[in-house]
file input.txt (compact mmCIF, C-alpha atoms)
# COMPACT_ATOMS: atom_id res chain seq x y z
CA MET L 1 99.67 122.06 91.02
CA THR L 2 96.43 122.49 92.94
CA LEU L 3 95.69 122.26 96.63
CA GLN L 4 93.39 119.30 95.95
CA THR L 5 96.23 117.41 94.23
CA GLN L 6 98.50 118.08 97.18
CA LYS L 7 95.82 117.05 99.64
CA ARG L 8 95.37 113.74 97.81
CA TRP L 9 99.14 113.26 97.61
CA LEU L 10 99.42 113.49 101.39
CA ARG L 11 97.52 110.21 101.51
CA VAL L 12 99.90 108.71 98.94
CA SER L 13 102.75 109.83 101.19
CA ALA L 14 101.11 108.20 104.18
CA LEU L 15 100.74 104.93 102.27
CA VAL L 16 104.37 105.03 101.10
CA ILE L 17 105.60 105.65 104.64
CA GLY L 18 103.27 103.14 106.25
CA GLY L 19 103.81 100.52 103.55
CA PHE L 20 107.02 99.39 105.24
CA ALA L 21 105.39 98.88 108.65
CA PRO L 22 103.67 95.53 107.95
CA PHE L 23 106.93 93.99 106.69
CA LEU L 24 108.71 95.09 109.83
CA LEU L 25 105.91 93.97 112.12
CA LEU L 26 105.95 90.53 110.51
CA ALA L 27 109.72 90.43 111.04
CA THR L 28 109.16 90.30 114.79
CA ILE L 29 108.01 86.69 114.36
CA PRO L 30 110.70 84.32 113.06
CA ALA L 31 108.23 82.31 110.97
CA THR L 32 107.08 85.43 109.07
CA ALA L 33 110.36 87.37 108.84
CA GLY L 34 111.16 86.23 105.28
CA PRO L 35 109.61 89.15 103.37
CA ALA L 36 111.35 91.74 105.57
CA GLU L 37 114.65 89.91 105.29
CA TRP L 38 114.30 89.92 101.51
CA VAL L 39 113.47 93.66 101.40
CA ILE L 40 116.43 94.49 103.67
CA ASP L 41 118.68 92.28 101.56
CA LEU L 42 117.49 94.05 98.40
CA LEU L 43 117.93 97.54 99.84
CA GLY L 44 121.39 96.69 101.16
CA LEU L 45 122.61 94.97 97.99
CA PRO L 46 123.94 92.64 96.91
CA LEU L 47 120.86 90.47 97.02
CA ASP L 48 122.63 87.41 98.39
CA GLY L 49 120.25 85.91 100.95
CA THR L 50 122.53 86.55 103.92
CA VAL L 51 120.21 88.88 105.88
CA SER L 52 118.86 87.40 109.07
CA LEU L 53 116.51 88.94 111.59
CA ALA L 54 116.74 85.92 113.87
CA SER L 55 118.19 87.66 116.92
CA PRO L 56 115.77 88.93 119.56
CA GLU L 57 117.41 92.37 119.29
CA ALA L 58 116.82 92.57 115.53
CA ARG L 59 113.19 91.49 115.97
CA PHE L 60 112.73 94.06 118.73
CA LEU L 61 114.18 96.82 116.53
CA CYS L 62 111.85 95.79 113.70
CA GLY L 63 108.88 96.11 116.04
CA LEU L 64 109.97 99.57 117.13
CA MET L 65 110.51 100.68 113.53
CA ALA L 66 107.11 99.31 112.50
CA GLY L 67 105.47 101.38 115.22
CA PHE L 68 107.35 104.55 114.30
CA LEU L 69 106.51 104.18 110.60
CA ALA L 70 102.85 103.41 111.27
CA GLY L 71 102.59 106.40 113.60
CA TRP L 72 104.30 108.72 111.13
CA ALA L 73 102.02 107.46 108.34
CA ALA L 74 98.91 108.00 110.48
CA THR L 75 100.07 111.53 111.29
CA VAL L 76 100.53 112.40 107.61
CA TRP L 77 97.15 110.85 106.76
CA LEU L 78 95.41 112.86 109.49
CA LEU L 79 97.18 116.04 108.38
CA SER L 80 95.50 115.62 104.98
CA GLY L 81 92.14 116.47 106.53
CA ALA L 82 91.15 119.54 108.52
CA PRO L 83 94.74 120.65 109.28
CA PHE L 84 95.49 120.84 105.54
CA ASP L 85 92.25 122.69 104.90
CA ALA L 86 93.16 125.24 107.59
CA ALA L 87 96.86 125.66 106.75
CA PRO L 88 97.86 123.89 103.53
CA GLU L 89 101.27 125.51 103.18
CA ALA L 90 102.24 124.78 106.78
CA VAL L 91 101.19 121.13 106.44
CA ARG L 92 103.02 120.80 103.12
CA ARG L 93 106.23 122.22 104.58
CA ALA L 94 105.97 120.02 107.69
CA VAL L 95 105.56 116.83 105.65
CA VAL L 96 108.32 117.72 103.19
CA GLY L 97 110.59 118.72 106.08
CA GLY L 98 109.97 115.43 107.86
CA ALA L 99 110.61 113.46 104.69
CA LEU L 100 113.86 115.33 104.04
CA LEU L 101 115.06 114.71 107.58
CA TRP L 102 114.25 111.00 107.21
CA PHE L 103 116.13 110.95 103.90
CA VAL L 104 119.28 112.56 105.32
CA ILE L 105 119.45 110.44 108.48
CA ASP L 106 118.43 107.15 106.87
CA SER L 107 120.84 107.66 103.97
CA ALA L 108 123.70 108.67 106.27
CA GLY L 109 123.06 105.65 108.46
CA SER L 110 122.95 103.40 105.42
CA ILE L 111 126.26 104.73 104.13
CA LEU L 112 127.93 104.62 107.55
CA SER L 113 126.78 101.04 108.09
CA GLY L 114 128.22 99.90 104.77
CA HIS L 115 124.98 99.83 102.75
CA PRO L 116 125.23 102.82 100.39
CA SER L 117 122.83 101.19 97.92
CA ASN L 118 119.96 102.00 100.28
CA ALA L 119 120.77 105.71 99.96
CA VAL L 120 120.13 105.34 96.23
CA PHE L 121 116.82 103.54 96.87
CA ASN L 122 115.95 106.35 99.30
CA ILE L 123 115.99 108.85 96.44
CA ALA L 124 113.14 106.98 94.76
CA VAL L 125 111.20 106.63 98.02
CA LEU L 126 111.65 110.34 98.75
CA ALA L 127 110.45 111.30 95.27
CA LEU L 128 107.40 109.05 95.63
CA ALA L 129 106.58 110.18 99.16
CA VAL L 130 106.90 113.89 98.43
CA GLY L 131 105.72 113.97 94.80
CA PRO L 132 103.92 117.22 94.04
CA LEU L 133 104.41 118.46 97.58
CA TRP L 134 107.88 119.76 96.59
CA ARG L 135 106.38 123.02 95.41
CA ARG L 136 103.81 125.38 96.80
CA ALA L 137 100.39 124.88 95.20
CA ASP L 138 98.96 127.43 92.79
CA ALA L 139 96.56 129.82 94.43
call {"tool": "encode", "arguments": {"input": "input.txt", "output": "structure tokens"}}
result
Amino acid sequence: MTLQTQKRWLRVSALVIGGFAPFLLLATIPATAGPAEWVIDLLGLPLDGTVSLASPEARFLCGLMAGFLAGWAATVWLLSGAPFDAAPEAVRRAVVGGALLWFVIDSAGSILSGHPSNAVFNIAVLALAVGPLWRRADA
């Protein structure tokens, strides 16, 4: 694993993280909430069409989550530039640490809320987001 591969993968991580933000932002508008409702239904299995983001509170939460995800994605993207060049190992550890914390809290919340299937989906998202960042790059 090279530093250049890890540097490029940080941008993949940013896209994986930020990829959920548009769905959640669209969910703040009842007329465009369908894709987010479908994704939440899929992640929470069974896929039965019962998810609704119609309440103002659910739409508000989706807006907040969209902002957090977009901000986290932008941070990871920006870390792939000069900060990575200056301190690649520190940036790698910070991104992996953040992803692991997301995984633990999101998975615990999914299980506690009765949606353990999302914890399984989270394994795939974590693997995709972290990819070759798991290990220190070769010198």
call {"tool": "atom_distance", "arguments": {"input": "input.txt", "atom1": "CA of Val104 in chain L", "atom2": "CA of Ala119 in chain L"}}
result
8.8 Å
call {"tool": "atom_distance", "arguments": {"input": "input.txt", "atom1": "CA of Val125 in chain L", "atom2": "CA of Ala54 in chain L"}}
result
26.7 Å
call {"tool": "atom_distance", "arguments": {"input": "input.txt", "atom1": "CA of Thr28 in chain L", "atom2": "CA of Glu57 in chain L"}}
result
9.6 Å
call {"tool": "closest_residue", "arguments": {"input": "input.txt", "among": "L:Thr5, L:Asn122, L:Val16, L:Trp134", "to": "Gly97 in chain L", "atoms": "only C-alpha atoms"}}
result
L:Trp134
call {"tool": "closest_residue", "arguments": {"input": "input.txt", "among": "L:Val120, L:Val12, L:Ala127, L:Val76", "to": "Arg93 in chain L", "atoms": "all atoms listed in the file"}}
result
L:Val76
call {"tool": "residues_around", "arguments": {"input": "input.txt", "residues": "Ala74 in chain L", "least_positions_apart": "2", "cutoff": "12 Å", "atoms": "only C-alpha atoms", "output": "PDB file with C-alpha atoms, keeping the file's coordinate frame"}}
result
ATOM      1  CA  LEU L  10      99.420 113.490 101.390  1.00  0.00           C
ATOM      2  CA  ARG L  11      97.520 110.210 101.510  1.00  0.00           C
ATOM      3  CA  VAL L  12      99.900 108.710  98.940  1.00  0.00           C
ATOM      4  CA  SER L  13     102.750 109.830 101.190  1.00  0.00           C
ATOM      5  CA  ALA L  14     101.110 108.200 104.180  1.00  0.00           C
ATOM      6  CA  LEU L  15     100.740 104.930 102.270  1.00  0.00           C
ATOM      7  CA  VAL L  16     104.370 105.030 101.100  1.00  0.00           C
ATOM      8  CA  ILE L  17     105.600 105.650 104.640  1.00  0.00           C
ATOM      9  CA  GLY L  18     103.270 103.140 106.250  1.00  0.00           C
ATOM     10  CA  GLY L  19     103.810 100.520 103.550  1.00  0.00           C
ATOM     11  CA  ALA L  21     105.390  98.880 108.650  1.00  0.00           C
ATOM     12  CA  GLY L  67     105.470 101.380 115.220  1.00  0.00           C
ATOM     13  CA  PHE L  68     107.350 104.550 114.300  1.00  0.00           C
ATOM     14  CA  LEU L  69     106.510 104.180 110.600  1.00  0.00           C
ATOM     15  CA  ALA L  70     102.850 103.410 111.270  1.00  0.00           C
ATOM     16  CA  GLY L  71     102.590 106.400 113.600  1.00  0.00           C
ATOM     17  CA  TRP L  72     104.300 108.720 111.130  1.00  0.00           C
ATOM     18  CA  VAL L  76     100.530 112.400 107.610  1.00  0.00           C
ATOM     19  CA  TRP L  77      97.150 110.850 106.760  1.00  0.00           C
ATOM     20  CA  LEU L  78      95.410 112.860 109.490  1.00  0.00           C
ATOM     21  CA  LEU L  79      97.180 116.040 108.380  1.00  0.00           C
ATOM     22  CA  SER L  80      95.500 115.620 104.980  1.00  0.00           C
ATOM     23  CA  GLY L  81      92.140 116.470 106.530  1.00  0.00           C
TER      24      GLY L  81
END
call {"tool": "closest_residue", "arguments": {"input": "input.txt", "among": "L:Ala87, L:Ala36, L:Ala129, L:His115", "to": "Trp102 in chain L", "atoms": "all atoms listed in the file"}}
result
L:Ala129
call {"tool": "residues_near_point", "arguments": {"input": "input.txt", "point": "(102.4, 116.4, 99.2)", "cutoff": "6 Å", "atoms": "all atoms listed in the file", "output": "ChimeraX atom specification"}}
result
/L:6,9-10,92,130,132-133
call {"tool": "closest_residue", "arguments": {"input": "input.txt", "among": "L:Ala73, L:Leu43, L:Leu26, L:Ala58", "to": "Ile111 in chain L", "atoms": "only C-alpha atoms"}}
result
L:Leu43
